[in-house]
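Asks: Pasting model_0.cif here (mmCIF, C-alpha atoms):
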data_work
loop_
_atom_site.label_atom_id
_atom_site.label_comp_id
_atom_site.auth_asym_id
_atom_site.auth_seq_id
_atom_site.Cartn_x
_atom_site.Cartn_y
_atom_site.Cartn_z
CA MET A 111 -14.38 20.00 0.49
CA ALA A 112 -10.76 19.26 1.19
CA ALA A 113 -9.94 19.20 4.87
CA GLY A 114 -6.36 20.30 4.76
CA SER A 115 -2.84 19.41 3.80
CA THR A 116 -1.19 16.27 5.01
CA TYR A 117 1.61 13.85 4.03
CA THR A 118 3.99 15.26 6.58
CA THR A 119 7.61 14.39 7.22
CA ILE A 120 7.90 12.94 10.70
CA ALA A 121 11.62 12.22 10.65
CA THR A 122 14.44 11.60 8.22
CA ASN A 123 18.02 10.43 8.57
CA THR A 124 20.95 9.68 6.30
CA LEU A 125 23.52 7.36 7.80
CA ALA A 126 26.80 9.10 8.54
CA SER A 127 28.53 5.79 9.14
CA ASN A 128 27.88 2.11 8.59
CA THR A 129 25.09 1.10 10.93
CA VAL A 130 23.38 -2.14 11.92
CA SER A 131 19.90 -0.66 12.30
CA TYR A 132 17.96 2.57 12.38
CA THR A 133 14.94 3.18 14.61
CA PHE A 134 12.11 5.67 14.37
CA SER A 135 10.90 6.08 17.94
CA SER A 136 8.19 8.09 19.67
CA ILE A 137 6.10 8.07 16.50
CA PRO A 138 3.09 10.33 17.07
CA SER A 139 -0.30 8.63 16.91
CA THR A 140 -1.96 11.59 15.20
CA TYR A 141 -1.84 10.24 11.64
CA THR A 142 -3.87 7.59 9.84
CA ASP A 143 -1.14 5.89 7.81
CA LEU A 144 2.64 5.90 7.84
CA VAL A 145 4.83 5.82 4.74
CA LEU A 146 8.37 4.58 5.31
CA VAL A 147 10.84 5.31 2.52
CA VAL A 148 14.26 3.67 2.45
CA SER A 149 16.45 5.00 -0.34
CA ASN A 150 20.02 4.80 -1.52
CA LEU A 151 20.42 1.67 0.57
CA THR A 152 23.55 -0.38 0.21
CA THR A 153 24.96 -2.91 2.63
CA THR A 154 28.53 -3.82 3.49
CA VAL A 155 27.77 -7.43 2.54
CA ALA A 156 25.49 -8.02 -0.44
CA GLY A 157 22.42 -10.24 -0.50
CA GLN A 158 20.50 -8.90 2.47
CA SER A 159 16.77 -8.61 2.98
CA ILE A 160 15.41 -5.41 4.57
CA TYR A 161 13.44 -5.93 7.73
CA MET A 162 11.14 -3.80 9.83
CA GLU A 163 10.24 -4.44 13.44
CA PHE A 164 7.38 -2.75 15.24
CA ASN A 165 7.52 -1.60 18.87
CA GLY A 166 10.58 -3.76 19.58
CA ASP A 167 8.50 -6.91 19.08
CA ASN A 168 10.67 -9.76 17.77
CA SER A 169 8.29 -12.56 18.63
CA ALA A 170 6.93 -14.84 15.90
CA VAL A 171 3.84 -12.78 15.09
CA TYR A 172 4.75 -11.49 11.63
CA SER A 173 3.82 -13.04 8.28
CA GLU A 174 4.05 -11.99 4.65
CA THR A 175 2.79 -12.81 1.18
CA TRP A 176 5.13 -11.85 -1.67
CA ILE A 177 5.18 -11.51 -5.41
CA ASN A 178 8.61 -11.26 -6.97
CA GLY A 179 10.16 -10.71 -10.37
CA ASP A 180 13.81 -11.15 -11.26
CA GLY A 181 13.65 -10.70 -15.01
CA THR A 182 13.32 -14.40 -15.67
CA SER A 183 10.28 -15.55 -13.73
CA ALA A 184 7.50 -14.30 -11.49
CA THR A 185 7.05 -16.11 -8.20
CA SER A 186 4.91 -15.83 -5.11
CA VAL A 187 5.97 -17.00 -1.68
CA ARG A 188 4.61 -16.90 1.85
CA ARG A 189 6.35 -16.71 5.19
CA THR A 190 4.58 -17.42 8.46
CA ALA A 191 5.39 -16.99 12.12
CA ASP A 192 8.25 -14.65 11.30
CA THR A 193 10.09 -12.66 13.95
CA LYS A 194 10.16 -9.51 11.79
CA GLY A 195 8.36 -7.84 8.93
CA PHE A 196 9.92 -7.25 5.54
CA LEU A 197 10.37 -4.23 3.32
CA GLY A 198 11.79 -6.40 0.55
CA GLY A 199 14.81 -8.20 -0.80
CA TYR A 200 13.57 -11.75 -1.05
CA GLY A 201 15.85 -13.16 -3.72
CA ALA A 202 19.27 -11.66 -4.35
CA GLY A 203 18.66 -8.83 -1.88
CA THR A 204 20.88 -5.82 -1.44
CA SER A 205 24.08 -4.79 -3.20
CA THR A 206 27.28 -3.23 -1.91
CA THR A 207 27.32 -0.80 -4.83
CA ASN A 208 23.88 -0.45 -6.45
CA PRO A 209 21.36 1.33 -4.24
CA ALA A 210 18.10 -0.34 -3.36
CA MET A 211 14.89 1.41 -2.44
CA ALA A 212 11.89 0.28 -0.45
CA ILE A 213 8.59 1.92 0.41
CA GLY A 214 6.35 0.67 3.17
CA HIS A 215 2.75 1.75 3.73
CA ILE A 216 1.72 0.99 7.31
CA MET A 217 -2.03 1.35 7.35
CA ASN A 218 -4.10 2.51 10.30
CA TYR A 219 -1.03 2.09 12.47
CA ALA A 220 -2.42 3.82 15.54
CA ASN A 221 -5.70 1.98 15.91
CA THR A 222 -5.94 -0.45 18.81
CA THR A 223 -8.79 -2.55 17.41
CA THR A 224 -7.21 -4.46 14.55
CA ASN A 225 -3.99 -6.26 13.68
CA LYS A 226 -1.66 -4.18 11.54
CA THR A 227 -1.18 -4.66 7.81
CA ALA A 228 1.55 -3.03 5.74
CA LEU A 229 2.22 -3.03 2.02
CA ALA A 230 5.76 -2.75 0.71
CA ARG A 231 7.55 -2.42 -2.58
CA TYR A 232 11.25 -3.08 -3.06
CA SER A 233 13.50 -2.50 -6.03
CA LEU A 234 17.11 -3.30 -6.70
CA GLY A 235 17.11 -2.14 -10.27
CA ASN A 236 19.59 -4.55 -11.75
CA VAL A 237 18.43 -7.59 -9.82
CA GLU A 238 14.83 -7.86 -8.65
CA THR A 239 11.58 -6.20 -7.65
CA ASN A 240 9.22 -7.33 -4.89
CA THR A 241 5.74 -6.40 -3.76
CA LEU A 242 4.49 -7.78 -0.50
CA VAL A 243 1.94 -7.52 2.24
CA ASN A 244 2.91 -7.84 5.90
CA LEU A 245 0.79 -8.76 8.87
CA TRP A 246 1.79 -7.94 12.44
CA ARG A 247 -0.58 -9.83 14.70
CA SER A 248 -0.91 -7.16 17.34
CA ASN A 249 -3.61 -4.62 18.12
CA ALA A 250 -1.09 -2.25 19.69
CA ALA A 251 -0.58 1.16 18.19
CA ILE A 252 2.77 1.34 16.43
CA ASN A 253 5.07 3.84 18.13
CA ALA A 254 8.47 2.61 16.96
CA ILE A 255 9.86 1.06 13.78
CA ARG A 256 13.32 -0.46 13.56
CA VAL A 257 14.78 -0.96 10.09
CA TYR A 258 17.66 -3.40 9.67
CA THR A 259 19.15 -6.01 7.40
CA GLY A 260 20.97 -9.28 7.90
CA GLY A 261 24.21 -7.31 7.89
CA THR A 262 25.29 -3.70 8.11
CA MET A 263 23.71 -0.80 6.26
CA ALA A 264 26.22 1.45 4.57
CA ILE A 265 26.90 5.13 4.98
CA GLY A 266 24.56 7.25 2.85
CA SER A 267 21.52 5.02 3.28
CA THR A 268 18.50 7.23 3.92
CA PHE A 269 15.39 6.61 5.99
CA THR A 270 12.34 8.88 5.96
CA LEU A 271 9.03 8.48 7.73
CA TYR A 272 5.90 10.36 6.63
CA GLY A 273 2.51 10.64 8.24
CA ILE A 274 -0.79 10.88 6.35
CA ALA A 275 -3.82 12.08 8.25
CA ALA A 276 -7.36 11.46 7.03
CA ALA A 277 -10.06 14.03 7.48
CA MET B 1349 7.12 14.59 -10.31
CA VAL B 1350 3.63 13.19 -10.48
CA SER B 1351 4.82 9.64 -10.83
CA SER B 1352 7.17 10.11 -7.94
CA VAL B 1353 4.45 11.47 -5.72
CA LEU B 1354 2.12 8.60 -6.48
CA ASN B 1355 4.83 6.09 -5.84
CA SER B 1356 5.43 7.83 -2.53
CA ALA B 1357 9.01 8.63 -3.33
CA ALA B 1358 10.15 10.74 -0.47
CA ALA B 1359 11.79 13.75 -1.99
CA ALA B 1360 9.11 14.41 -4.56
CA VAL B 1361 6.27 15.19 -2.18
CA VAL B 1362 5.64 18.91 -2.38
CA ALA B 1363 4.48 20.65 0.74
CA ASN B 1364 0.74 21.29 0.77
CA SER B 1365 0.21 19.23 -2.38
CA TYR B 1366 -1.52 16.28 -0.70
CA GLU B 1367 -4.83 16.95 1.01
CA SER B 1368 -7.41 14.88 2.82
CA ILE B 1369 -10.81 15.15 1.13
CA ALA B 1370 -13.05 12.80 3.10
CA THR B 1371 -13.07 9.60 5.15
CA SER B 1372 -15.66 6.89 5.69
CA THR B 1373 -15.39 4.47 8.61
CA VAL B 1374 -17.77 1.51 8.78
CA GLY B 1375 -19.72 1.12 11.98
CA SER B 1376 -21.28 -1.90 13.60
CA GLY B 1377 -23.30 -4.05 11.23
CA GLY B 1378 -21.19 -3.23 8.20
CA VAL B 1379 -22.32 -1.62 4.96
CA SER B 1380 -22.92 -2.84 1.42
CA SER B 1381 -21.18 0.06 -0.26
CA VAL B 1382 -19.34 3.28 0.38
CA THR B 1383 -19.61 6.33 -1.86
CA PHE B 1384 -17.59 9.50 -2.06
CA SER B 1385 -19.67 12.07 -3.92
CA SER B 1386 -19.20 15.67 -4.97
CA ILE B 1387 -15.48 15.15 -5.27
CA PRO B 1388 -13.76 18.52 -5.76
CA GLN B 1389 -12.42 19.02 -9.27
CA THR B 1390 -9.50 21.11 -8.03
CA PHE B 1391 -6.82 18.42 -7.76
CA THR B 1392 -4.75 16.67 -10.41
CA HIS B 1393 -4.92 13.15 -8.99
CA LEU B 1394 -6.83 11.28 -6.33
CA GLN B 1395 -5.60 8.59 -3.99
CA LEU B 1396 -7.89 6.32 -2.01
CA ARG B 1397 -6.33 4.50 0.94
CA ALA B 1398 -8.43 1.70 2.37
CA MET B 1399 -8.44 -0.90 5.12
CA TYR B 1400 -11.34 -3.30 4.96
CA GLY B 1401 -12.72 -6.65 5.87
CA THR B 1402 -15.51 -8.42 4.02
CA THR B 1403 -18.41 -10.47 5.27
CA ASN B 1404 -18.76 -12.79 2.28
CA GLN B 1405 -16.32 -15.56 1.58
CA ASN B 1406 -14.20 -15.30 -1.56
CA SER B 1407 -15.55 -11.87 -2.14
CA TYR B 1408 -14.03 -8.85 -3.69
CA LEU B 1409 -14.32 -5.12 -3.59
CA GLN B 1410 -14.82 -3.16 -6.73
CA ILE B 1411 -14.23 0.50 -7.48
CA GLY B 1412 -16.71 2.29 -9.70
CA THR B 1413 -16.82 5.89 -10.78
CA SER B 1414 -19.42 8.40 -11.82
CA GLY B 1415 -18.51 8.00 -15.47
CA GLY B 1416 -19.16 4.28 -15.40
CA ALA B 1417 -17.46 1.60 -17.47
CA ASN B 1418 -18.05 1.80 -21.19
CA THR B 1419 -17.35 -0.23 -24.29
CA GLY B 1420 -13.74 -1.23 -24.19
CA ALA B 1421 -13.54 -1.25 -20.40
CA ARG B 1422 -10.93 -3.72 -19.28
CA GLY B 1423 -9.12 -4.71 -16.14
CA HIS B 1424 -5.88 -6.51 -15.35
CA MET B 1425 -4.47 -8.00 -12.20
CA LEU B 1426 -1.10 -9.40 -11.17
CA ASN B 1427 -1.75 -11.66 -8.22
CA GLY B 1428 0.42 -13.57 -5.78
CA ASN B 1429 -1.22 -16.03 -3.42
CA GLY B 1430 1.87 -17.25 -1.61
CA THR B 1431 2.36 -20.16 -3.97
CA THR B 1432 1.80 -18.92 -7.50
CA ALA B 1433 2.17 -15.64 -9.34
CA ALA B 1434 -0.60 -15.21 -11.89
CA SER B 1435 -2.02 -12.58 -14.23
CA PHE B 1436 -5.68 -12.07 -15.11
CA ASN B 1437 -7.72 -9.81 -17.32
CA TYR B 1438 -11.43 -9.28 -17.42
CA THR B 1439 -13.80 -7.60 -19.83
CA ALA B 1440 -17.20 -9.24 -19.83
CA GLY B 1441 -19.42 -7.42 -17.38
CA ALA B 1442 -16.52 -5.41 -16.12
CA THR B 1443 -17.82 -2.39 -14.28
CA GLY B 1444 -14.82 -1.38 -12.24
CA LEU B 1445 -11.47 -2.13 -10.68
CA TYR B 1446 -11.14 -5.32 -8.65
CA LEU B 1447 -9.05 -4.79 -5.55
CA ASP B 1448 -8.66 -8.40 -4.56
CA TYR B 1449 -8.99 -11.78 -6.18
CA TYR B 1450 -9.72 -14.25 -3.44
CA ALA B 1451 -9.81 -12.52 -0.11
CA PRO B 1452 -11.18 -14.77 2.62
CA SER B 1453 -13.75 -13.54 5.07
CA GLY B 1454 -14.32 -13.93 8.74
CA VAL B 1455 -10.74 -13.20 9.65
CA THR B 1456 -9.62 -10.44 11.93
CA PRO B 1457 -6.70 -9.02 9.95
CA PHE B 1458 -7.93 -6.59 7.37
CA TYR B 1459 -7.14 -6.14 3.72
CA VAL B 1460 -5.52 -2.89 2.58
CA SER B 1461 -5.46 -1.05 -0.74
CA ILE B 1462 -3.94 2.10 -2.18
CA ILE B 1463 -5.76 3.21 -5.33
CA ASP B 1464 -4.60 5.99 -7.67
CA PHE B 1465 -6.93 7.91 -9.99
CA LEU B 1466 -4.73 9.81 -12.41
CA ASP B 1467 -5.90 12.99 -14.14
CA TYR B 1468 -9.42 12.34 -12.90
CA THR B 1469 -10.79 15.69 -14.12
CA ASN B 1470 -9.29 15.52 -17.61
CA THR B 1471 -12.13 15.25 -20.14
CA ASN B 1472 -9.78 14.61 -23.05
CA ILE B 1473 -8.58 11.17 -22.02
CA ASN B 1474 -10.04 7.88 -20.91
CA LYS B 1475 -9.67 7.15 -17.21
CA THR B 1476 -7.31 4.51 -15.89
CA VAL B 1477 -7.04 3.63 -12.22
CA ARG B 1478 -4.55 1.38 -10.51
CA ALA B 1479 -4.28 -0.29 -7.13
CA LEU B 1480 -1.77 -1.96 -4.87
CA SER B 1481 -3.59 -4.28 -2.48
CA GLY B 1482 -2.95 -7.10 -0.10
CA GLY B 1483 -3.94 -9.06 2.94
CA ASP B 1484 -2.04 -11.64 4.95
CA TRP B 1485 -3.43 -14.00 7.56
CA ASN B 1486 -0.35 -15.96 8.69
CA GLY B 1487 -0.82 -18.91 6.38
CA SER B 1488 -3.08 -17.49 3.70
CA GLY B 1489 -3.44 -14.24 1.86
CA GLU B 1490 -2.65 -12.49 -1.36
CA VAL B 1491 -0.97 -9.43 -2.80
CA ASP B 1492 -2.31 -7.77 -5.95
CA MET B 1493 -1.38 -5.10 -8.44
CA SER B 1494 -4.37 -4.16 -10.56
CA SER B 1495 -5.52 -1.62 -13.11
CA PHE B 1496 -8.73 -0.78 -14.92
CA LEU B 1497 -9.66 1.27 -17.96
CA PHE B 1498 -13.13 2.82 -17.65
CA ALA B 1499 -13.06 3.84 -21.33
CA THR B 1500 -14.74 7.16 -20.71
CA THR B 1501 -13.55 10.73 -20.89
CA ASN B 1502 -15.99 11.85 -18.22
CA ALA B 1503 -14.45 13.54 -15.20
CA ILE B 1504 -14.73 11.50 -12.03
CA THR B 1505 -17.05 13.21 -9.59
CA SER B 1506 -17.92 10.26 -7.39
CA ILE B 1507 -16.35 6.93 -6.37
CA THR B 1508 -18.24 3.92 -5.08
CA ILE B 1509 -16.69 0.92 -3.34
CA SER B 1510 -19.00 -2.09 -3.61
CA GLY B 1511 -19.16 -5.76 -4.55
CA THR B 1512 -19.58 -7.18 -1.09
CA ALA B 1513 -20.41 -6.03 2.40
CA THR B 1514 -17.61 -4.49 4.39
CA LYS B 1515 -17.17 -5.15 8.06
CA GLN B 1516 -17.06 -2.87 11.04
CA TYR B 1517 -13.81 -0.92 11.42
CA SER B 1518 -13.22 -0.84 7.66
CA SER B 1519 -12.12 2.62 6.64
CA PHE B 1520 -11.74 4.44 3.34
CA ALA B 1521 -9.87 7.73 3.09
CA LEU B 1522 -9.81 9.86 -0.06
CA TYR B 1523 -6.99 12.31 -0.75
CA GLY B 1524 -6.35 14.87 -3.45
CA ILE B 1525 -2.94 15.54 -4.99
CA LYS B 1526 -2.23 18.85 -6.68
CA GLY B 1527 -0.09 19.07 -9.77
#
Translate this structure into structure tokens?
Replies:
Amino acid sequence: MAAGSTYTTIATNTLASNTVSYTFSSIPSTYTDLVLVVSNLTTTVAGQSIYMEFNGDNSAVYSETWINGDGTSATSVRRTADTKGFLGGYGAGTSTTNPAMAIGHIMNYANTTTNKTALARYSLGNVETNTLVNLWRSNAAINAIRVYTGGTMAIGSTFTLYGIAAA
Amino acid sequence: MVSSVLNSAAAAVVANSYESIATSTVGSGGVSSVTFSSIPQTFTHLQLRAMYGTTNQNSYLQIGTSGGANTGARGHMLNGNGTTAASFNYTAGATGLYLDYYAPSGVTPFYVSIIDFLDYTNTNINKTVRALSGGDWNGSGEVDMSSFLFATTNAITSITISGTATKQYSSFALYGIKG
């Protein structure tokens, strides 16, 4: 028997001006998973990766495993002891004109027993697609997510955070 | 619309269209399998969201359904291990969807998967499932995109996760998506 509707919008924002980063703060701990959707993302300088940082932690406790396709070859790479997680953009990264999109699934984000693992998919349609898994080596519940790039995110970029609650 | 929902595209999620059906959390000692039975036939698609650790080295989890795998069953996986991107397919003895290829055991960080069962009640078509999975352990790990054809038109009424023992704190949550 179904237990009830979920997949709820927690917060959403479309940039009204060029912005260095956007932060979801005071994230409620009442869900099981978070889904972070970044859409219509362009940057003032092309070639940026999209990062996510949990709870303001910029210590070297992030790592990722990637699989990437650019239309010519498929590659897999690993990064260790990173100071941020990634939503995508490993190769050519963002564009100043063509919008990129990224979706992050942050699993069991509120539990305080395990490290946190997040899946992400990134697409810049004319350039590359990435799928990756992130590890944040912390047992803390995630209550804030900062999204940023290596440059400035352009007006019109949209950030939406959803919560999914298990029965 | 359906594709957008399953890819978690923001704007396409319709209010009240995504519902929690059941959750299983593994307690101390672990379990050898997890089954969701008596799945309601009132949704269009199912999504299983999982976080799990295994107790056997180089093990894998496998998704089976009530209809079973029949002649012509086949699975594919696109795998990245941090060094090489590779593609696999499997037929012989295939009984269900592999979520991971080479997940290590005995590590604290858990593996995660999101598995989609499309048109699971439709008795006119064979059933295909797909998964996005991954686990990273700061120096090892893998990310996988996989799919499996069960080659049966039977509606899916139960789902079993098996193949190895899962550790304490593993959790499996099943959701239904309305059309």
Asks: Where does chain B meet chain A within 9 Å, residue by residue, with the nearest atom pair and distance in Å to one decimal for each, counting all atoms listed in the file, listed by chain and rising number, as a Markdown table?
Replies:
| residue | atom | partner | partner_atom | distance |
| --- | --- | --- | --- | --- |
| B:Asn1355 | CA | A:Ile213 | CA | 8.4 |
| B:Ser1356 | CA | A:Ile213 | CA | 7.3 |
| B:Ala1357 | CA | A:Val147 | CA | 7.0 |
| B:Ala1358 | CA | A:Val147 | CA | 6.2 |
| B:Val1361 | CA | A:Tyr117 | CA | 7.9 |
| B:Ala1363 | CA | A:Thr118 | CA | 8.0 |
| B:Asn1364 | CA | A:Ser115 | CA | 5.1 |
| B:Ser1365 | CA | A:Ser115 | CA | 6.9 |
| B:Tyr1366 | CA | A:Ser115 | CA | 5.6 |
| B:Glu1367 | CA | A:Ser115 | CA | 4.2 |
| B:Ser1368 | CA | A:Ala113 | CA | 5.4 |
| B:Ile1369 | CA | A:Ala112 | CA | 4.1 |
| B:Ala1370 | CA | A:Ala277 | CA | 5.4 |
| B:Thr1371 | CA | A:Ala277 | CA | 5.8 |
| B:Ser1386 | CA | A:Met111 | CA | 8.5 |
| B:Ile1387 | CA | A:Met111 | CA | 7.6 |
| B:Pro1388 | CA | A:Met111 | CA | 6.5 |
| B:Arg1397 | CA | A:Met217 | CA | 8.3 |
| B:Ala1398 | CA | A:Met217 | CA | 8.1 |
| B:Met1399 | CA | A:Met217 | CA | 7.2 |
| B:Leu1426 | CA | A:Ile177 | CA | 8.8 |
| B:Asn1427 | CA | A:Ile177 | CA | 7.5 |
| B:Gly1428 | CA | A:Ser186 | CA | 5.1 |
| B:Asn1429 | CA | A:Ser186 | CA | 6.4 |
| B:Gly1430 | CA | A:Val187 | CA | 4.1 |
| B:Thr1431 | CA | A:Ser186 | CA | 5.2 |
| B:Thr1432 | CA | A:Ser186 | CA | 5.0 |
| B:Ala1433 | CA | A:Thr185 | CA | 5.0 |
| B:Ala1434 | CA | A:Ala184 | CA | 8.2 |
| B:Thr1456 | CA | A:Thr224 | CA | 7.0 |
| B:Pro1457 | CA | A:Asn225 | CA | 5.4 |
| B:Phe1458 | CA | A:Thr227 | CA | 7.0 |
| B:Tyr1459 | CA | A:Thr227 | CA | 7.4 |
| B:Val1460 | CA | A:Thr227 | CA | 7.0 |
| B:Ser1461 | CA | A:Leu229 | CA | 8.4 |
| B:Ile1462 | CA | A:His215 | CA | 8.9 |
| B:Leu1480 | CA | A:Leu229 | CA | 8.0 |
| B:Ser1481 | CA | A:Leu229 | CA | 7.5 |
| B:Gly1482 | CA | A:Val243 | CA | 5.4 |
| B:Gly1483 | CA | A:Val243 | CA | 6.1 |
| B:Asp1484 | CA | A:Leu245 | CA | 5.6 |
| B:Trp1485 | CA | A:Leu245 | CA | 6.9 |
| B:Asn1486 | CA | A:Ser173 | CA | 5.1 |
| B:Gly1487 | CA | A:Thr190 | CA | 6.0 |
| B:Ser1488 | CA | A:Thr175 | CA | 7.9 |
| B:Gly1489 | CA | A:Thr175 | CA | 6.4 |
| B:Glu1490 | CA | A:Thr175 | CA | 6.0 |
| B:Val1491 | CA | A:Val243 | CA | 6.1 |
| B:Asp1492 | CA | A:Ile177 | CA | 8.4 |
| B:Met1493 | CA | A:Thr241 | CA | 8.6 |
| B:Tyr1517 | CA | A:Thr223 | CA | 8.0 |
| B:Ser1519 | CA | A:Asn218 | CA | 8.8 |
| B:Ala1521 | CA | A:Ala276 | CA | 6.0 |
| B:Leu1522 | CA | A:Ala276 | CA | 7.7 |
| B:Tyr1523 | CA | A:Ala276 | CA | 7.8 |
| B:Gly1524 | CA | A:Ala112 | CA | 7.8 |
Asks: Skipping near chain neighbours, those fewer than 2 positions away, what residues fall within 6 Å of A:Ile160 using all atoms listed in the file, listed as a list of chain:residue names?
Replies: A:Phe196, A:Leu197, A:Gly198, A:Tyr258, A:Thr259
Asks: For this structure, which residues satisfy the selection - the PyMOL selection byres ((chain A and resi 252) around 6) - when it is evaluated on the file as given? I want them as a PyMOL selection string.
Replies: chain A and resi 219-220+251+253-254
Asks: In the coordinate frame of the file, compute which residues have an atom within 8 Å of (22.4, -0.5, -0.6) when using only C-alpha atoms, and state them as number ranges by chain.
Replies: A: 150-153, 204-211, 263-264, 267
Asks: Atoms to include: C-alpha atoms. Write the selected residues as a PDB file, keeping the file's coordinate frame.
Replies:
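Listed below is the output, out_12.pdb:
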ATOM      1  CA  ASN A 150      20.020   4.800  -1.520  1.00  0.00           C
ATOM      2  CA  LEU A 151      20.420   1.670   0.570  1.00  0.00           C
ATOM      3  CA  THR A 152      23.550  -0.380   0.210  1.00  0.00           C
ATOM      4  CA  THR A 153      24.960  -2.910   2.630  1.00  0.00           C
ATOM      5  CA  THR A 204      20.880  -5.820  -1.440  1.00  0.00           C
ATOM      6  CA  SER A 205      24.080  -4.790  -3.200  1.00  0.00           C
ATOM      7  CA  THR A 206      27.280  -3.230  -1.910  1.00  0.00           C
ATOM      8  CA  THR A 207      27.320  -0.800  -4.830  1.00  0.00           C
ATOM      9  CA  ASN A 208      23.880  -0.450  -6.450  1.00  0.00           C
ATOM     10  CA  PRO A 209      21.360   1.330  -4.240  1.00  0.00           C
ATOM     11  CA  ALA A 210      18.100  -0.340  -3.360  1.00  0.00           C
ATOM     12  CA  MET A 211      14.890   1.410  -2.440  1.00  0.00           C
ATOM     13  CA  MET A 263      23.710  -0.800   6.260  1.00  0.00           C
ATOM     14  CA  ALA A 264      26.220   1.450   4.570  1.00  0.00           C
ATOM     15  CA  SER A 267      21.520   5.020   3.280  1.00  0.00           C
TER      16      SER A 267
END
Asks: Enter the distance from atom CA of B:His1424 to atom CA of A:Gly201, in Å, rounded to one decimal.
Replies: 25.5 Å
Asks: Need the shell around B:Gln1516: protein/DNA/RNA residues with any atom at most 6 Å away, counting only C-alpha atoms. Skip same-chain ones fewer than 5 positions apart. Format as number ranges by chain?
Replies: B: 1374-1376, 1378
Asks: I need the residues from that last selection saved to file as a PDB file, in the frame of the given file (with C-alpha atoms), if you can.
Replies:
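Output saved as out.pdb:
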ATOM      1  CA  VAL B1374     -17.770   1.510   8.780  1.00  0.00           C
ATOM      2  CA  GLY B1375     -19.720   1.120  11.980  1.00  0.00           C
ATOM      3  CA  SER B1376     -21.280  -1.900  13.600  1.00  0.00           C
ATOM      4  CA  GLY B1378     -21.190  -3.230   8.200  1.00  0.00           C
TER       5      GLY B1378
END
Asks: Would you work out the distance separating atom CA of B:Asn1502 from atom CA of B:Tyr1438, expressed in Å to one decimal?
Replies: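 Pair atom CA of B:Asn1502 / atom CA of B:Tyr1438 returns 21.6 Å.
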Asks: Run the PyMOL selection byres ((chain A and resi 256) around 6) against the file shown and list the residues it catches, as a list in words.
Replies: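 Against this file, the PyMOL selection byres ((chain A and resi 256) around 6) returns the residues Tyr132, Thr133, Met162, Glu163, Ile255 and Val257 of chain A.
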Asks: Export C-alpha atoms of the chosen residues as a JSON list (two decimals), in the coordinates of the input?
Replies:
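Output file part13.json is given in full below:
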[["chain", "number", "residue", "atom", "x", "y", "z"],
["A", 132, "TYR", "CA", 17.96, 2.57, 12.38],
["A", 133, "THR", "CA", 14.94, 3.18, 14.61],
["A", 162, "MET", "CA", 11.14, -3.80, 9.83],
["A", 163, "GLU", "CA", 10.24, -4.44, 13.44],
["A", 255, "ILE", "CA", 9.86, 1.06, 13.78],
["A", 257, "VAL", "CA", 14.78, -0.96, 10.09]]
Asks: Looking at B:Phe1520, B:Phe1496, B:Tyr1449, B:Phe1436, which one is nearest to B:Leu1466, with distances taken over all atoms listed in the file?
Replies: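 Closest to B:Leu1466 of all the choices is B:Phe1496.
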Asks: What does the structure give for the distance between atom CA of B:Asn1418 and atom CA of B:Ala1499, in Å to one decimal?
Replies: 5.4 Å
Asks: Please provide as a PyMOL selection string all residues within 8 Å of B:Gln1410, with the sequence filter that same-chain residues fewer than 2 positions apart are discarded (counting all atoms listed in the file).
Replies: chain B and resi 1408+1412+1444-1447+1509-1511
Asks: Box time for stretch 1389-1401 of chain B: axis-aligned, enclosing all its listed atoms, 5 Å extra on each side; report centre and edge lengths in Å to one decimal, as JSON.
Replies:
{"center_x": -8.7, "center_y": 7.2, "center_z": -2.3, "size_x": 18.0, "size_y": 37.8, "size_z": 26.3}
Asks: Starting from the displayed file, determine the output of the PyMOL selection byres ((chain A and resi 202) around 9) and express the residue list as a list in words.
Replies: Ala156, Gly157, Gln158, Ser159, Asp180, Gly199, Tyr200, Gly201, Gly203, Thr204, Ser205, Leu234, Val237 and Glu238 of chain A
